[in-house]
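*Asks:* The following file, run-v9.txt, comprises compact mmCIF, C-alpha atoms:
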```
# COMPACT_ATOMS: atom_id res chain seq x y z
CA MET W 60 0.00 0.00 0.00
CA THR W 61 1.64 3.21 -1.10
CA ALA W 62 -1.19 5.74 -0.94
CA ARG W 63 -3.97 6.73 1.45
CA ARG W 64 -6.21 8.47 -1.00
CA ILE W 65 -7.92 7.35 -4.18
CA SER W 66 -10.10 9.39 -6.48
CA ASP W 67 -13.63 8.26 -7.04
CA SER W 68 -12.94 7.81 -10.75
CA ALA W 69 -9.82 5.70 -10.11
CA LEU W 70 -11.86 3.51 -7.78
CA ARG W 71 -14.52 3.03 -10.46
CA ARG W 72 -11.79 2.10 -12.93
CA LEU W 73 -10.49 -0.59 -10.55
CA SER W 74 -13.98 -2.11 -10.53
CA HIS W 75 -13.93 -2.08 -14.32
CA TYR W 76 -10.46 -3.64 -14.48
CA LEU W 77 -11.74 -6.44 -12.28
CA ARG W 78 -14.59 -7.06 -14.71
CA PHE W 79 -12.24 -7.01 -17.71
CA LEU W 80 -9.90 -9.46 -15.97
CA GLU W 81 -12.80 -11.80 -15.29
CA SER W 82 -13.60 -11.76 -19.01
CA PHE W 83 -9.95 -12.31 -19.97
CA GLU W 84 -9.88 -15.25 -17.58
CA VAL W 85 -13.02 -16.74 -19.14
CA GLU W 86 -11.36 -16.26 -22.55
CA GLY W 87 -8.40 -18.28 -21.26
CA ARG W 88 -5.79 -15.50 -21.45
CA ALA W 89 -2.80 -16.17 -19.17
CA THR W 90 -1.22 -12.73 -19.25
CA ILE W 91 -2.35 -9.31 -20.41
CA SER W 92 -0.69 -5.94 -20.83
CA SER W 93 -1.84 -2.64 -19.41
CA GLY W 94 -2.72 -1.82 -23.02
CA ASP W 95 -5.09 -4.80 -23.21
CA LEU W 96 -6.87 -3.60 -20.07
CA ALA W 97 -6.93 -0.03 -21.34
CA ALA W 98 -8.39 -1.07 -24.70
CA ARG W 99 -11.41 -2.73 -23.05
CA GLY W 100 -12.33 0.38 -21.14
CA GLY W 101 -11.33 3.16 -23.49
CA MET W 102 -8.57 4.28 -21.11
CA THR W 103 -4.86 4.76 -21.71
CA SER W 104 -2.29 2.18 -20.62
CA ALA W 105 -0.51 4.89 -18.62
CA GLN W 106 -3.75 5.40 -16.69
CA VAL W 107 -4.04 1.67 -15.99
CA ARG W 108 -0.45 1.48 -14.71
CA LYS W 109 -0.95 4.57 -12.58
CA ASP W 110 -4.17 3.24 -11.03
CA LEU W 111 -2.61 -0.12 -10.21
CA SER W 112 0.57 1.47 -8.84
CA LEU W 113 -1.50 2.94 -6.01
CA PHE W 114 -1.46 -0.56 -4.55
CA GLY W 115 2.13 -1.60 -5.07
CA SER W 116 3.72 -3.30 -8.03
CA PHE W 117 2.01 -5.76 -10.31
CA GLY W 118 3.42 -7.84 -13.13
CA LYS W 119 6.87 -7.60 -14.66
CA ARG W 120 7.90 -4.91 -17.13
CA GLY W 121 7.57 -6.33 -20.62
CA LEU W 122 5.89 -9.54 -19.45
CA GLY W 123 2.47 -8.12 -18.62
CA TYR W 124 0.21 -9.11 -15.78
CA PRO W 125 -0.69 -12.71 -14.96
CA VAL W 126 -4.50 -12.70 -15.30
CA PRO W 127 -5.63 -14.88 -12.37
CA GLU W 128 -3.23 -13.24 -9.91
CA LEU W 129 -4.14 -9.70 -10.90
CA ARG W 130 -7.83 -10.61 -10.76
CA ALA W 131 -7.44 -12.03 -7.26
CA ARG W 132 -5.40 -9.06 -6.05
CA LEU W 133 -7.90 -6.57 -7.46
CA ALA W 134 -10.78 -8.45 -5.83
CA ALA W 135 -8.90 -8.29 -2.53
CA ILE W 136 -8.15 -4.58 -2.98
CA LEU W 137 -11.81 -3.84 -3.66
CA GLY W 138 -12.88 -6.05 -0.79
CA VAL W 139 -15.14 -8.19 -2.95
CA GLY W 140 -15.05 -11.98 -3.11
CA ARG W 141 -16.57 -12.33 0.33
CA ARG W 142 -20.16 -11.99 1.45
CA TRP W 143 -21.40 -8.58 2.58
CA ASP W 144 -24.66 -8.28 4.45
CA VAL W 145 -26.79 -5.35 3.37
CA ALA W 146 -29.84 -3.70 4.92
CA LEU W 147 -32.37 -2.08 2.62
CA ALA W 148 -34.46 0.75 4.04
CA GLY W 149 -37.53 1.34 1.91
CA ALA W 150 -39.69 -1.51 0.61
CA GLY W 151 -40.99 0.39 -2.40
CA LYS W 152 -40.49 -0.29 -6.12
CA LEU W 153 -36.83 0.73 -6.20
CA GLY W 154 -36.14 -1.32 -3.06
CA ALA W 155 -37.79 -4.33 -4.67
CA ALA W 156 -35.75 -3.84 -7.84
CA LEU W 157 -32.50 -3.67 -5.86
CA TYR W 158 -33.51 -6.69 -3.80
CA ALA W 159 -33.95 -8.67 -7.03
CA TYR W 160 -30.91 -7.12 -8.75
CA ASP W 161 -28.79 -9.96 -9.99
CA GLY W 162 -25.64 -7.87 -10.18
CA PHE W 163 -25.62 -7.52 -6.38
CA ARG W 164 -26.01 -11.20 -5.64
CA ARG W 165 -23.29 -12.15 -8.12
CA ARG W 166 -20.87 -9.83 -6.32
CA GLY W 167 -21.61 -11.31 -2.89
CA PHE W 168 -24.02 -8.63 -1.67
CA HIS W 169 -26.70 -10.30 0.39
CA VAL W 170 -29.80 -8.41 1.50
CA ALA W 171 -30.15 -9.50 5.12
CA ALA W 172 -32.96 -7.14 6.14
CA VAL W 173 -35.61 -4.90 4.56
CA PHE W 174 -37.30 -2.11 6.51
CA ASP W 175 -40.28 0.13 5.92
CA VAL W 176 -42.49 2.47 7.90
CA ASP W 177 -45.73 1.53 6.15
CA PRO W 178 -47.89 -0.92 8.21
CA ARG W 179 -49.21 -2.38 4.95
CA LYS W 180 -45.70 -3.36 3.91
CA ILE W 181 -44.36 -4.49 7.30
CA GLY W 182 -44.68 -8.25 7.67
CA ARG W 183 -44.80 -8.95 3.93
CA ARG W 184 -42.56 -11.73 2.71
CA TRP W 185 -39.70 -10.85 0.34
CA GLY W 186 -38.21 -14.23 -0.55
CA GLN W 187 -36.66 -15.55 2.65
CA LEU W 188 -37.13 -12.20 4.40
CA GLU W 189 -40.00 -10.42 6.05
CA VAL W 190 -40.26 -6.64 5.74
CA GLU W 191 -39.48 -5.26 9.20
CA ASP W 192 -40.69 -2.15 10.97
CA VAL W 193 -38.03 0.54 10.55
CA ALA W 194 -38.52 1.35 14.25
CA GLY W 195 -36.62 -1.87 14.97
CA LEU W 196 -33.77 -1.16 12.55
CA GLY W 197 -31.12 -0.77 15.24
CA PRO W 198 -31.53 -4.08 17.06
CA SER W 199 -32.11 -6.00 13.81
CA VAL W 200 -29.02 -4.58 12.08
CA ARG W 201 -26.89 -5.35 15.13
CA ALA W 202 -28.28 -8.88 15.49
CA LYS W 203 -27.66 -9.64 11.81
CA GLY W 204 -24.24 -8.01 11.68
CA VAL W 205 -25.19 -5.85 8.72
CA GLU W 206 -22.31 -3.70 7.45
CA ILE W 207 -23.81 -1.85 4.49
CA GLY W 208 -27.02 0.18 4.38
CA ILE W 209 -28.97 1.14 1.28
CA VAL W 210 -31.41 4.04 1.60
CA VAL W 211 -34.33 3.88 -0.85
CA THR W 212 -36.85 5.85 1.17
CA PRO W 213 -38.59 9.04 0.02
CA ALA W 214 -36.39 12.14 0.36
CA GLU W 215 -38.11 13.30 3.58
CA ALA W 216 -37.34 10.08 5.47
CA ALA W 217 -33.79 9.52 4.25
CA GLN W 218 -31.81 11.44 6.88
CA GLU W 219 -33.63 9.84 9.81
CA VAL W 220 -33.06 6.37 8.38
CA ALA W 221 -29.39 7.09 7.72
CA ASP W 222 -29.02 8.32 11.32
CA ALA W 223 -30.59 5.09 12.59
CA MET W 224 -28.21 3.05 10.42
CA VAL W 225 -25.17 4.91 11.70
CA ALA W 226 -26.41 4.61 15.29
CA ALA W 227 -26.67 0.85 14.69
CA GLY W 228 -23.02 0.69 13.65
CA ILE W 229 -23.33 0.79 9.86
CA THR W 230 -20.36 2.69 8.38
CA ALA W 231 -21.12 2.41 4.66
CA ILE W 232 -24.28 3.79 3.10
CA LEU W 233 -25.51 3.89 -0.47
CA ASN W 234 -28.18 6.56 -0.83
CA PHE W 235 -30.75 6.56 -3.63
CA ALA W 236 -33.03 9.18 -2.03
CA PRO W 237 -32.84 12.47 -3.95
CA ARG W 238 -31.41 14.55 -1.11
CA LYS W 239 -28.05 15.25 0.43
CA LEU W 240 -27.45 13.28 3.62
CA VAL W 241 -25.17 14.27 6.46
CA VAL W 242 -23.19 11.51 8.14
CA SER W 243 -20.45 11.63 10.74
CA ASP W 244 -16.75 11.26 9.91
CA GLY W 245 -15.80 7.65 9.48
CA VAL W 246 -19.00 6.81 7.64
CA THR W 247 -18.68 6.37 3.89
CA LEU W 248 -21.66 7.71 1.98
CA ARG W 249 -22.27 7.31 -1.73
CA ASP W 250 -25.14 8.88 -3.59
CA VAL W 251 -26.78 7.38 -6.63
CA ASN W 252 -28.83 10.15 -8.13
CA LEU W 253 -30.55 8.72 -11.16
CA ALA W 254 -31.84 12.10 -12.36
CA ILE W 255 -28.26 13.39 -12.46
CA GLU W 256 -27.31 10.54 -14.79
CA LEU W 257 -30.11 11.58 -17.13
CA GLU W 258 -29.10 15.23 -16.87
CA ALA W 259 -25.68 14.35 -18.23
CA LEU W 260 -27.47 12.92 -21.28
CA CYS W 261 -29.49 16.12 -21.62
CA PHE W 262 -26.28 18.09 -21.53
CA ALA W 263 -24.88 15.97 -24.35
CA LEU W 264 -28.09 16.34 -26.37
CA THR W 265 -28.05 20.11 -25.80
CA HIS W 266 -24.34 20.60 -26.52
CA GLU W 267 -23.61 18.72 -29.67
CA GLY W 268 -19.90 18.32 -30.22
CA TRP W 269 -18.94 18.61 -26.55
CA GLU W 270 -16.97 15.77 -25.15
CA ILE W 271 -17.81 14.45 -21.69
CA GLY W 272 -14.58 13.06 -20.28
CA ARG W 273 -13.70 10.74 -17.47
CA MET H 239 -19.16 28.97 -24.38
CA THR H 240 -15.44 28.81 -23.84
CA ALA H 241 -14.70 25.08 -23.78
CA ARG H 242 -15.63 22.00 -25.78
CA ARG H 243 -14.89 19.41 -23.15
CA ILE H 244 -16.17 18.85 -19.64
CA SER H 245 -15.15 16.16 -17.21
CA ASP H 246 -17.76 13.79 -15.98
CA SER H 247 -17.21 14.96 -12.40
CA ALA H 248 -17.56 18.65 -13.36
CA LEU H 249 -20.82 17.81 -15.12
CA ARG H 250 -22.12 16.06 -12.00
CA ARG H 251 -21.14 19.08 -9.93
CA LEU H 252 -23.18 21.36 -12.24
CA SER H 253 -26.21 19.16 -11.55
CA HIS H 254 -25.55 19.55 -7.84
CA TYR H 255 -25.11 23.34 -8.10
CA LEU H 256 -28.51 23.49 -9.79
CA ARG H 257 -30.07 21.61 -6.87
CA PHE H 258 -28.36 23.87 -4.32
CA LEU H 259 -29.55 26.96 -6.19
CA GLU H 260 -33.09 25.63 -6.16
CA SER H 261 -32.87 25.29 -2.36
CA PHE H 262 -31.37 28.77 -1.99
CA GLU H 263 -34.22 30.14 -4.07
CA VAL H 264 -36.80 28.37 -1.89
CA GLU H 265 -35.03 29.86 1.13
CA GLY H 266 -35.47 33.31 -0.43
CA ARG H 267 -31.76 34.11 -0.92
CA ALA H 268 -31.22 36.78 -3.58
CA THR H 269 -27.48 36.35 -4.08
CA ILE H 270 -24.94 33.73 -3.06
CA SER H 271 -21.18 33.43 -3.22
CA SER H 272 -19.17 30.60 -4.75
CA GLY H 273 -18.32 29.79 -1.12
CA ASP H 274 -22.01 29.29 -0.29
CA LEU H 275 -22.39 26.88 -3.19
CA ALA H 276 -19.18 25.11 -2.27
CA ALA H 277 -20.24 24.71 1.37
CA ARG H 278 -23.43 22.86 0.41
CA GLY H 279 -21.55 20.31 -1.63
CA GLY H 280 -18.30 19.93 0.25
CA MET H 281 -16.35 21.46 -2.64
CA THR H 282 -13.99 24.44 -2.69
CA SER H 283 -15.08 27.84 -3.93
CA ALA H 284 -12.20 27.78 -6.44
CA GLN H 285 -13.72 24.58 -7.85
CA VAL H 286 -17.15 26.19 -8.15
CA ARG H 287 -15.72 29.22 -9.97
CA LYS H 288 -13.69 27.00 -12.28
CA ASP H 289 -16.68 24.80 -13.16
CA LEU H 290 -18.90 27.80 -13.90
CA SER H 291 -16.19 29.55 -15.90
CA LEU H 292 -16.43 26.77 -18.49
CA PHE H 293 -19.62 28.47 -19.59
CA GLY H 294 -18.64 32.13 -19.57
CA SER H 295 -18.82 34.65 -16.77
CA PHE H 296 -21.38 34.67 -14.02
CA GLY H 297 -22.00 37.22 -11.29
CA LYS H 298 -19.81 40.17 -10.37
CA ARG H 299 -16.61 39.91 -8.36
CA GLY H 300 -17.43 40.66 -4.73
CA LEU H 301 -21.19 40.76 -5.30
CA GLY H 302 -21.81 37.04 -5.69
CA TYR H 303 -24.24 35.35 -8.03
CA PRO H 304 -27.89 36.38 -8.38
CA VAL H 305 -29.71 33.16 -7.42
CA PRO H 306 -32.62 33.05 -9.91
CA GLU H 307 -30.43 34.01 -12.89
CA LEU H 308 -27.71 31.50 -12.09
CA ARG H 309 -30.35 28.80 -11.53
CA ALA H 310 -31.92 29.56 -14.91
CA ARG H 311 -28.57 29.64 -16.70
CA LEU H 312 -27.48 26.35 -15.13
CA ALA H 313 -30.78 24.73 -16.09
CA ALA H 314 -30.25 25.95 -19.65
CA ILE H 315 -26.65 24.70 -19.69
CA LEU H 316 -27.73 21.27 -18.50
CA GLY H 317 -30.61 21.23 -20.93
CA VAL H 318 -33.21 20.62 -18.24
CA GLY H 319 -36.35 22.67 -17.73
CA ARG H 320 -37.97 21.24 -20.81
CA ARG H 321 -39.67 17.90 -21.37
CA TRP H 322 -37.56 14.99 -22.59
CA ASP H 323 -39.23 11.87 -23.93
CA VAL H 324 -37.63 8.65 -22.79
CA ALA H 325 -38.01 5.05 -23.97
CA LEU H 326 -37.52 2.30 -21.44
CA ALA H 327 -36.39 -1.08 -22.75
CA GLY H 328 -37.06 -3.79 -20.19
CA ALA H 329 -40.36 -4.03 -18.31
CA GLY H 330 -38.89 -5.83 -15.29
CA LYS H 331 -38.60 -4.72 -11.68
CA LEU H 332 -35.91 -2.12 -12.30
CA GLY H 333 -37.82 -0.77 -15.31
CA ALA H 334 -40.95 -0.46 -13.16
CA ALA H 335 -38.99 1.32 -10.43
CA LEU H 336 -37.55 3.80 -12.93
CA TYR H 337 -40.96 4.32 -14.51
CA ALA H 338 -42.34 5.26 -11.08
CA TYR H 339 -39.23 7.22 -10.04
CA ASP H 340 -40.41 10.61 -8.91
CA GLY H 341 -37.01 12.23 -9.43
CA PHE H 342 -37.33 11.71 -13.20
CA ARG H 343 -40.76 13.22 -13.52
CA ARG H 344 -39.82 16.26 -11.44
CA ARG H 345 -36.93 16.91 -13.84
CA GLY H 346 -39.10 16.73 -16.93
CA PHE H 347 -38.22 13.18 -17.98
CA HIS H 348 -41.31 11.57 -19.41
CA VAL H 349 -41.42 7.85 -20.17
CA ALA H 350 -43.12 7.78 -23.56
CA ALA H 351 -42.69 4.07 -24.32
CA VAL H 352 -41.85 0.80 -22.56
CA PHE H 353 -40.63 -2.25 -24.44
CA ASP H 354 -40.12 -5.89 -23.57
CA VAL H 355 -39.54 -9.17 -25.36
CA ASP H 356 -41.69 -11.27 -23.01
CA PRO H 357 -45.17 -12.02 -24.45
CA ARG H 358 -46.55 -12.10 -20.89
CA LYS H 359 -45.48 -8.50 -20.39
CA ILE H 360 -46.32 -7.10 -23.83
CA GLY H 361 -49.75 -5.46 -23.80
CA ARG H 362 -49.80 -4.85 -20.03
CA ARG H 363 -50.83 -1.37 -18.95
CA TRP H 364 -48.25 0.82 -17.17
CA GLY H 365 -50.25 3.91 -16.22
CA GLN H 366 -51.10 5.61 -19.51
CA LEU H 367 -48.78 3.31 -21.46
CA GLU H 368 -48.97 -0.21 -22.78
CA VAL H 369 -45.84 -2.36 -22.77
CA GLU H 370 -44.84 -2.73 -26.42
CA ASP H 371 -43.07 -5.54 -28.27
CA VAL H 372 -39.39 -4.63 -28.53
CA ALA H 373 -39.57 -5.81 -32.15
CA GLY H 374 -41.49 -2.60 -32.88
CA LEU H 375 -39.06 -0.31 -31.05
CA GLY H 376 -37.84 1.48 -34.16
CA PRO H 377 -41.17 2.68 -35.57
CA SER H 378 -42.55 3.48 -32.10
CA VAL H 379 -39.51 5.55 -31.04
CA ARG H 380 -39.61 7.46 -34.32
CA ALA H 381 -43.36 8.07 -34.11
CA LYS H 382 -43.11 9.34 -30.54
CA GLY H 383 -39.99 11.44 -31.12
CA VAL H 384 -38.15 9.76 -28.26
CA GLU H 385 -34.67 11.23 -27.70
CA ILE H 386 -33.35 9.27 -24.71
CA GLY H 387 -33.22 5.50 -24.27
CA ILE H 388 -32.86 3.64 -20.98
CA VAL H 389 -31.65 0.03 -21.17
CA VAL H 390 -32.83 -2.12 -18.26
CA THR H 391 -32.74 -5.49 -20.00
CA PRO H 392 -30.71 -8.50 -18.86
CA ALA H 393 -27.03 -8.27 -19.86
CA GLU H 394 -27.44 -10.62 -22.83
CA ALA H 395 -30.09 -8.49 -24.53
CA ALA H 396 -28.61 -5.07 -23.88
CA GLN H 397 -26.42 -4.63 -26.97
CA GLU H 398 -29.17 -5.63 -29.39
CA VAL H 399 -31.61 -3.22 -27.75
CA ALA H 400 -29.05 -0.39 -27.79
CA ASP H 401 -28.43 -1.07 -31.49
CA ALA H 402 -32.15 -0.86 -32.18
CA MET H 403 -32.35 2.42 -30.25
CA VAL H 404 -29.46 3.93 -32.20
CA ALA H 405 -30.93 2.71 -35.49
CA ALA H 406 -34.16 4.49 -34.51
CA GLY H 407 -32.28 7.77 -34.08
CA ILE H 408 -31.75 7.80 -30.31
CA THR H 409 -28.41 9.48 -29.53
CA ALA H 410 -28.42 9.34 -25.72
CA ILE H 411 -28.55 6.07 -23.79
CA LEU H 412 -28.50 5.33 -20.08
CA ASN H 413 -27.50 1.71 -19.54
CA PHE H 414 -28.32 -0.22 -16.36
CA ALA H 415 -27.48 -3.66 -17.80
CA PRO H 416 -24.28 -5.01 -16.26
CA ARG H 417 -22.26 -5.12 -19.47
CA LYS H 418 -20.23 -2.77 -21.60
CA LEU H 419 -22.14 -1.56 -24.65
CA VAL H 420 -20.64 -0.41 -27.91
CA VAL H 421 -22.25 2.56 -29.63
CA SER H 422 -21.23 4.58 -32.65
CA ASP H 423 -19.57 7.98 -32.43
CA GLY H 424 -22.09 10.70 -31.83
CA VAL H 425 -24.11 8.57 -29.40
CA THR H 426 -23.70 9.43 -25.72
CA LEU H 427 -23.73 6.39 -23.48
CA ARG H 428 -23.77 6.45 -19.70
CA ASP H 429 -23.55 3.36 -17.55
CA VAL H 430 -25.15 3.03 -14.15
CA ASN H 431 -23.55 0.01 -12.60
CA LEU H 432 -25.12 -0.44 -9.22
CA ALA H 433 -22.69 -3.17 -8.14
CA ILE H 434 -19.78 -0.78 -8.75
CA GLU H 435 -21.34 1.73 -6.35
CA LEU H 436 -21.47 -0.98 -3.70
CA GLU H 437 -17.89 -2.03 -4.47
CA ALA H 438 -16.72 1.47 -3.59
CA LEU H 439 -18.32 0.96 -0.19
CA CYS H 440 -16.56 -2.40 0.19
CA PHE H 441 -13.28 -0.69 -0.61
CA ALA H 442 -13.95 1.86 2.13
CA LEU H 443 -14.90 -0.88 4.60
CA THR H 444 -11.77 -2.84 3.69
CA HIS H 445 -9.39 0.13 3.75
CA GLU H 446 -10.12 2.02 6.91
CA GLY H 447 -8.55 5.46 6.88
CA TRP H 448 -8.39 5.76 3.11
CA GLU H 449 -10.04 8.79 1.66
CA ILE H 450 -12.14 8.44 -1.48
CA GLY H 451 -11.96 11.79 -3.27
CA ARG H 452 -13.99 13.48 -5.94
```
Represent the structure from my file as structure tokens, please.
*Replies:*
Amino acid sequence: MTARRISDSALRRLSHYLRFLESFEVEGRATISSGDLAARGGMTSAQVRKDLSLFGSFGKRGLGYPVPELRARLAAILGVGRRWDVALAGAGKLGAALYAYDGFRRRGFHVAAVFDVDPRKIGRRWGQLEVEDVAGLGPSVRAKGVEIGIVVTPAEAAQEVADAMVAAGITAILNFAPRKLVVSDGVTLRDVNLAIELEALCFALTHEGWEIGR
Amino acid sequence: MTARRISDSALRRLSHYLRFLESFEVEGRATISSGDLAARGGMTSAQVRKDLSLFGSFGKRGLGYPVPELRARLAAILGVGRRWDVALAGAGKLGAALYAYDGFRRRGFHVAAVFDVDPRKIGRRWGQLEVEDVAGLGPSVRAKGVEIGIVVTPAEAAQEVADAMVAAGITAILNFAPRKLVVSDGVTLRDVNLAIELEALCFALTHEGWEIGR
């Protein structure tokens, strides 16, 4: 480990490298160059080498990277390849979609609890789970050892739910509610604002010829 | 207009500035400084000034920015504040969640068509819409003047659907399918990979003390 800071975009690229390496492995490639990785993602090979160098040295100059080793090291760096228990707050449509989202399960993310405030939703079965009253979030999250919280409540309820998660010991929160949450230092918060993704498309449609870079 | 390129992160920040300005306007603030904007988003005021300067000059040195004007100019820059017709390919759980997603409607995104390949889903009513056969995507998208496509199909089907969208004249695609799509030059593609958002949380949980920057 040679650095203590990583940019959000570098971190996203690491996730992409991991996916490319998984494909290379399926294709039976034994070694790849930084250029091979770069080509898959539309990056430069200098960028790939720089991103990887944040975490020490990989591969041998001129020989490329051994695919299975680099894949395993990247998985370890990202902290994937183990099971992570997730709590979902908000049993609405987006919550249901995330619960069923195959991409989560394949990466080891396991929804261990679902919470809602609506008496009509509480008690409903979601697969092996039962929707729980959000009032009991703290004890349930502690009992289940949940480490990651996903907030899919309406905007008005999001801060209160995030506070309850943090009070219950959760230190990593993914927020889909369209509002800015405040969390204490030591808690990692990521926002997924779907409208902002669409706005970037509007920008591109409105500004023909502009390039949107990484 | 003084630039022809904007970084993805600067573009996201513009979307956030717009949201902050909307709040300031609701709060009845007449003018704000770059520092006020920066404080809301955890950015620096130099960053705010730099981002805005991409699009000419705003405000007067020492007087700050007039809130309603800056809000209107940012909305115009982003291309929001008008209605955008969107086609949704994939009438599954995530498609349904996006269809119902309030954040889209509030921003003027209007789902004008929903497509699926599954005969059990085709013909079902979604509010004012009927789920259409994806085989008819081209004529339907053209007839409705759809400009933005959202891909929420399984990974295997995503490329074919994106190709059909592009063939129908769509030049802006938001892809939720967990695979890399190839589109021709002139088409703007954005990927929302929900597992990658969670992986960034895993990284933070695995690397205590590391800072993930913007």
*Asks:* For chain H against chain W, with a cut-off of 6 Å and counting all atoms listed in the file, what is the closest atom pair and its distance in Å to one decimal for every residue that makes the cut, ordered by chain and number, as a Markdown table?
*Replies:*
```
| residue | atom | partner | partner_atom | distance |
| --- | --- | --- | --- | --- |
| H:Arg242 | CA | W:Trp269 | CA | 4.8 |
| H:Arg243 | CA | W:Glu270 | CA | 4.6 |
| H:Ile244 | CA | W:Ile271 | CA | 5.1 |
| H:Ser245 | CA | W:Gly272 | CA | 4.4 |
| H:Asp246 | CA | W:Arg273 | CA | 5.3 |
| H:Leu316 | CA | W:Phe262 | CA | 4.6 |
| H:Gly317 | CA | W:Cys261 | CA | 5.3 |
| H:Lys331 | CA | W:Ala156 | CA | 4.9 |
| H:Leu332 | CA | W:Ala156 | CA | 4.8 |
| H:Ala335 | CA | W:Leu153 | CA | 4.8 |
| H:Gly341 | CA | W:Ala254 | CA | 5.9 |
| H:Phe342 | CA | W:Ala254 | CA | 5.6 |
| H:Ala410 | CA | W:Leu260 | CA | 5.8 |
| H:Ala433 | CA | W:Phe163 | CA | 5.5 |
| H:Leu439 | CA | W:Ala231 | CA | 5.8 |
| H:Cys440 | CA | W:Gly138 | CA | 5.3 |
| H:Phe441 | CA | W:Leu137 | CA | 4.6 |
| H:Thr444 | CA | W:Gly138 | CA | 5.6 |
| H:Trp448 | CA | W:Arg63 | CA | 4.8 |
| H:Glu449 | CA | W:Arg64 | CA | 4.7 |
| H:Ile450 | CA | W:Ile65 | CA | 5.1 |
| H:Gly451 | CA | W:Ser66 | CA | 4.4 |
| H:Arg452 | CA | W:Asp67 | CA | 5.3 |
```
*Asks:* May I have the selected residues written with C-alpha atoms, as a PDB file, in the coordinates of the input?
*Replies:*
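Written output follows (out_28.pdb):
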```pdb
ATOM      1  CA  ARG H 242     -15.630  22.000 -25.780  1.00  0.00           C
ATOM      2  CA  ARG H 243     -14.890  19.410 -23.150  1.00  0.00           C
ATOM      3  CA  ILE H 244     -16.170  18.850 -19.640  1.00  0.00           C
ATOM      4  CA  SER H 245     -15.150  16.160 -17.210  1.00  0.00           C
ATOM      5  CA  ASP H 246     -17.760  13.790 -15.980  1.00  0.00           C
ATOM      6  CA  LEU H 316     -27.730  21.270 -18.500  1.00  0.00           C
ATOM      7  CA  GLY H 317     -30.610  21.230 -20.930  1.00  0.00           C
ATOM      8  CA  LYS H 331     -38.600  -4.720 -11.680  1.00  0.00           C
ATOM      9  CA  LEU H 332     -35.910  -2.120 -12.300  1.00  0.00           C
ATOM     10  CA  ALA H 335     -38.990   1.320 -10.430  1.00  0.00           C
ATOM     11  CA  GLY H 341     -37.010  12.230  -9.430  1.00  0.00           C
ATOM     12  CA  PHE H 342     -37.330  11.710 -13.200  1.00  0.00           C
ATOM     13  CA  ALA H 410     -28.420   9.340 -25.720  1.00  0.00           C
ATOM     14  CA  ALA H 433     -22.690  -3.170  -8.140  1.00  0.00           C
ATOM     15  CA  LEU H 439     -18.320   0.960  -0.190  1.00  0.00           C
ATOM     16  CA  CYS H 440     -16.560  -2.400   0.190  1.00  0.00           C
ATOM     17  CA  PHE H 441     -13.280  -0.690  -0.610  1.00  0.00           C
ATOM     18  CA  THR H 444     -11.770  -2.840   3.690  1.00  0.00           C
ATOM     19  CA  TRP H 448      -8.390   5.760   3.110  1.00  0.00           C
ATOM     20  CA  GLU H 449     -10.040   8.790   1.660  1.00  0.00           C
ATOM     21  CA  ILE H 450     -12.140   8.440  -1.480  1.00  0.00           C
ATOM     22  CA  GLY H 451     -11.960  11.790  -3.270  1.00  0.00           C
ATOM     23  CA  ARG H 452     -13.990  13.480  -5.940  1.00  0.00           C
TER      24      ARG H 452
END
```
*Asks:* Separation of CA of Ala89 (chain W) and CA of Ser104 (chain W), in Å?
*Replies:* 18.4 Å
*Asks:* Would you mind reading off the distance between CA of Val369 (chain H) and CA of Leu419 (chain H), one decimal, in Å?
*Replies:*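 Value for the CA of Val369 (chain H)-CA of Leu419 (chain H) distance: 23.8 Å.
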*Asks:* Expressed in Å to a single decimal, how great is the separation between CA of Glu128 (chain W) and CA of Tyr76 (chain W)?
*Replies:*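 Interatomic distance, CA of Glu128 (chain W) to CA of Tyr76 (chain W): 12.9 Å.
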*Asks:* Using all atoms listed in the file, give me every residue within 8 Å of (-33.6, -2.7, 8.7) in file coordinates, as a list in words.
*Replies:*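 Residues satisfying the cut-off, written out: Ala146, Leu147, Ala148, Ala172, Val173, Phe174, Asp175, Glu191, Asp192, Val193, Gly195, Leu196, Gly197, Ser199 and Val200 of chain W.
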*Asks:* So that I can see what lies close to Ser93 (chain W), please list as a list in words the residues with an atom at most 8 Å from it, counting only C-alpha atoms and leaving out residues fewer than 5 positions away in the same chain.
*Replies:*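 The contact residues come out as Ser104, Ala105, Val107, Arg108, Gly123 and Tyr124 of chain W.
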*Asks:* Which is closest to Phe293 (chain H) among H:Val305, H:Ala381, H:Leu312, H:Val421, if we use all atoms listed in the file?
*Replies:*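 When distances to Phe293 (chain H) are compared using all atoms listed in the file, the smallest one comes from H:Leu312.
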*Asks:* With only C-alpha atoms as the basis for distance, which of H:Arg358, H:Leu301, H:Gln397, H:Val404 is at the shortest distance from Asp423 (chain H)?
*Replies:*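 Looking only at the distances to Asp423 (chain H), the closest residue turns out to be H:Val404.
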*Asks:* Please determine, counting all atoms listed in the file, which residue among W:Gly182, W:Pro125, W:Gly204, W:Gly140 has the shortest atom-to-atom distance to Glu84 (chain W).
*Replies:*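 The closest residue to Glu84 (chain W) is W:Pro125.
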